[in-house]
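Q: This is the structure I want to talk about, given as structure tokens.
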Amino acid sequence: MDNLIEKLVIELVSQDINNERDFLKLKRRFSRESKVQFFTSDELLRAYHNLIANKTISRSKELERMLTLKSTRSDSGIVVVSLLTKPYPCPGKCLYCPSQADVPKSYLSNEPAVMRAIMCKYDPFLQTISRLKALDAVGHATDKVNIRIIGGTWSAYEKRYQTWFIKRIFEAANELSHDTGSLQGDSSHYACQLRGTQSVHQDDRTRTLEVLQSINETAKHRIVEISVETRQDYIDEKEIKRLRMLGVTKVELGVQSIYDDVLEFNKRGNKDIDTINATKLLKDAGFKVSYQMMANLPGSDLKKDEEMFKELFNNPNYKPDHMKIYPMALVKESGAYQIYKEGKYKPYAKDELVLLLKKIKSRIPYYCRIERVIRDIPANSIVEGGAKVSNMRQIVLSEMENEELKCNCIRCREVKSSFDIDEKYRVFREDYEASGGHEVFLSIENEERSKLYCMIRLRINSKKMNNIGVLNNAAIIREIHTYGPQVRIGGRNDNAAQHQGFGKMLIREAEKISKDEFRVKKIAVIAGVGVRGYFRKLGYELIDSYMVKGLS
């Protein structure tokens, strides 16, 4: 079988196939003539890399593109690697959170990310290596890595464990970068193979986190973002400084609701004022802020939920940069299940939930990115309700299109794989007040604003900001992102928006606005470790975990 697959790959390369139609046509013909089942792209991609390694064929970028599976995993310009922390006592007693033995609070053992973590015994090193190998095995570039740490409340974990966890991630990325060959191999079992050897260069074990971060600046697999999930009542000035020391650039707050009565009914343990305060502290320090919001909580209703999502973007105390909409997924492992059995709670039906989500998405401003509209909980674990529908986003967008409604969120507009180098584009600017500061959202888009190529979030804090000295009287770039297929570091692709100079264009514009309009003397960037080198080339230097440049 392997010989047949390699033979097909050789024919695909030799015929210089460069479009999906001819690619599928040749696959069908070969399958028919060889009297074998239809080959998967995964099998073909593995054979392709083996033939490259054996120098039997030369690289074909078009074939690599067509063989890449689940391109959406890297169509935002980076690959996301989700890592679970170990099961640990959670300070919360929330009704809606499932609770299982040996699984972090709010997660279930049959969720994909959880199953991967269990296989790796929750070791972040093994999780990182196995996930990067798996992504590489199906054709994704893994140069630019977004680490998303999930599982429980990050800020409640022991500080020693937090530092160890982050170090293990950098050790893994740096370890893979020592290998000059391909990551190809048996990725599904790689973590298990490593358990006995824990393949880390010995000198990495004695290195400090700061040294490991420095090494990663020029590594083959660069960590460009780290996000953590935590509770808003854990965010204070001390926690802000610690998050920066660890290299965190984005914080997901479990907001769930902005109504104190709903929070109290669900035993959340914090109030809305905690969300408001945490949001301001995080934005003032340059972090990207993501809200996890829950529709259909016990104690709420459709009208109240609709008003809540309006308030999020009308009230300057909120205005999140990113948002995950998690409609209540009723599972037997949660406290809410007892209320349901008593007839005191009923989940929204599919049609009710679809209607609510259409209203929400049709009002999202250009500066916010809706990351998810449903939890990744298997339908067979959900008792009842519209949350059982796993493809909810597709259903909502399809109905919106039929009704000529439009979602302006970043994810719905980011260019993905449809970049055209000849298409006209221009810079858009939106100013708004949020959390006591002035926000400037700069973006490069096509004329219709249906394709977003690149964006920057620039913040001007009040003069009272003095928690982090380097940020005093400074403008802060909280996020810069170029969308579309990930282009390898140092590479060039005319069919992708990355490495076209869009980022530099917006940085120059942000510097000009900061200097000319707001009269600040310096600009800082909350840059991920893996992009520090990029900013050094633009005249920035590393000071107190930020990349900083004087504006003279």
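In the structure tokens, chains take letters A, B, ... by order of appearance, with residues numbered from 1 within each chain and ligands from 1 in the order shown.
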DSSP on the backbone: what in region 236-290 of chain A comes out helix (DSSP H, G or I), as a PyMOL selection string?
A: chain A and resi 237-246+260-265+272-284
Q: I'd like the contact shell of region 325-337 of chain A - 7 Å cut-off, only C-alpha atoms, skipping same-chain residues fewer than 4 positions apart - returned as a PyMOL selection string.
A: chain A and resi 95-100+292-297+341+372-375+381-384+387
Q: Give me, please, the distance in Å between CA of Leu176 (chain A) and CA of Ile526 (chain A), quoted to one decimal.
A: 25.3 Å
Q: If you count only C-alpha atoms, which residues fall within 8 Å of Lys250 (chain A), apart from same-chain ones fewer than 5 positions away, as an mmCIF file with N, CA and C atoms, in the first residue's frame?
A:
data_model
loop_
_atom_site.group_PDB
_atom_site.id
_atom_site.type_symbol
_atom_site.label_atom_id
_atom_site.label_comp_id
_atom_site.auth_asym_id
_atom_site.auth_seq_id
_atom_site.Cartn_x
_atom_site.Cartn_y
_atom_site.Cartn_z
ATOM 1 N N GLU A 225 2.482 33.984 21.027
ATOM 2 C CA GLU A 225 1.426 34.411 21.944
ATOM 3 C C GLU A 225 1.207 33.327 22.983
ATOM 4 N N ILE A 226 0.942 33.736 24.221
ATOM 5 C CA ILE A 226 0.520 32.819 25.278
ATOM 6 C C ILE A 226 -0.718 33.415 25.930
ATOM 7 N N SER A 227 -1.780 32.623 25.992
ATOM 8 C CA SER A 227 -2.993 33.083 26.669
ATOM 9 C C SER A 227 -3.336 32.125 27.800
ATOM 10 N N VAL A 228 -3.960 32.662 28.831
ATOM 11 C CA VAL A 228 -4.393 31.856 29.972
ATOM 12 C C VAL A 228 -5.841 32.181 30.292
ATOM 13 N N PHE A 287 -2.438 43.986 27.636
ATOM 14 C CA PHE A 287 -2.929 42.648 27.309
ATOM 15 C C PHE A 287 -4.111 42.702 26.350
ATOM 16 N N LYS A 288 -4.217 41.691 25.516
ATOM 17 C CA LYS A 288 -5.449 41.449 24.782
ATOM 18 C C LYS A 288 -6.426 40.820 25.768
ATOM 19 N N VAL A 289 -7.684 41.240 25.716
ATOM 20 C CA VAL A 289 -8.682 40.756 26.667
ATOM 21 C C VAL A 289 -9.791 40.019 25.925
ATOM 22 N N SER A 290 -9.999 38.772 26.340
ATOM 23 C CA SER A 290 -11.069 37.962 25.761
ATOM 24 C C SER A 290 -12.088 37.661 26.850
#
Q: For region 399-415 of chain A, list every protein, DNA or RNA residue within 10 Å, evaluated using only C-alpha atoms, and leave out those in the same chain fewer than 2 positions away; present the list as a PyMOL selection string.
A: chain A and resi 75-77+321-323+354-355+357-372+394-397+417-420+445-446+449-455+482-485+496-497
Q: Within 12 Å of region 125-144 of chain A, which residues of region 494-542 of chain A show up? Give each one with its shortest atom-to-atom distance in Å (one decimal) and the two atoms involved, counting only C-alpha atoms, rows by chain then rising residue number, as CSV.
A:
residue,atom,partner,partner_atom,distance
A:Gln498,CA,A:Lys144,CA,11.8
A:Gly528,CA,A:Lys144,CA,10.3
A:Val529,CA,A:Lys144,CA,10.6
A:Gly530,CA,A:Lys144,CA,7.4
A:Val531,CA,A:Lys144,CA,8.9
Q: Please produce a file of those selected residues containing N, CA and C atoms, as a PDB file, in the first residue's frame.
A:
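Once written, selection.pdb looks like this:
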ATOM      1  N   GLN A 498       0.608  37.593   4.670  1.00  0.00           N
ATOM      2  CA  GLN A 498       1.771  37.724   5.548  1.00  0.00           C
ATOM      3  C   GLN A 498       3.025  38.065   4.744  1.00  0.00           C
ATOM      4  N   GLY A 528       4.873  39.029  21.948  1.00  0.00           N
ATOM      5  CA  GLY A 528       5.201  37.662  22.291  1.00  0.00           C
ATOM      6  C   GLY A 528       6.686  37.426  22.091  1.00  0.00           C
ATOM      7  N   VAL A 529       7.227  36.450  22.820  1.00  0.00           N
ATOM      8  CA  VAL A 529       8.665  36.173  22.755  1.00  0.00           C
ATOM      9  C   VAL A 529       9.127  35.950  21.321  1.00  0.00           C
ATOM     10  N   GLY A 530       8.339  35.231  20.551  1.00  0.00           N
ATOM     11  CA  GLY A 530       8.753  34.860  19.199  1.00  0.00           C
ATOM     12  C   GLY A 530       8.777  35.984  18.194  1.00  0.00           C
ATOM     13  N   VAL A 531       8.234  37.158  18.544  1.00  0.00           N
ATOM     14  CA  VAL A 531       8.248  38.289  17.595  1.00  0.00           C
ATOM     15  C   VAL A 531       9.116  39.448  18.080  1.00  0.00           C
TER      16      VAL A 531
END
Q: Using DSSP on the backbone, list every residue of region 339-494 of chain A that comes out as strand (DSSP E or B), and give them as JSON, numbers by chain.
A: {"A": [369, 370, 371, 372, 414, 425, 426, 427, 428, 429, 430, 431, 432, 433, 434, 437, 438, 439, 440, 441, 442, 443, 444, 445, 446, 452, 453, 454, 455, 456, 457, 458, 459, 460, 474, 475, 476, 477, 478, 479, 480, 481, 482]}
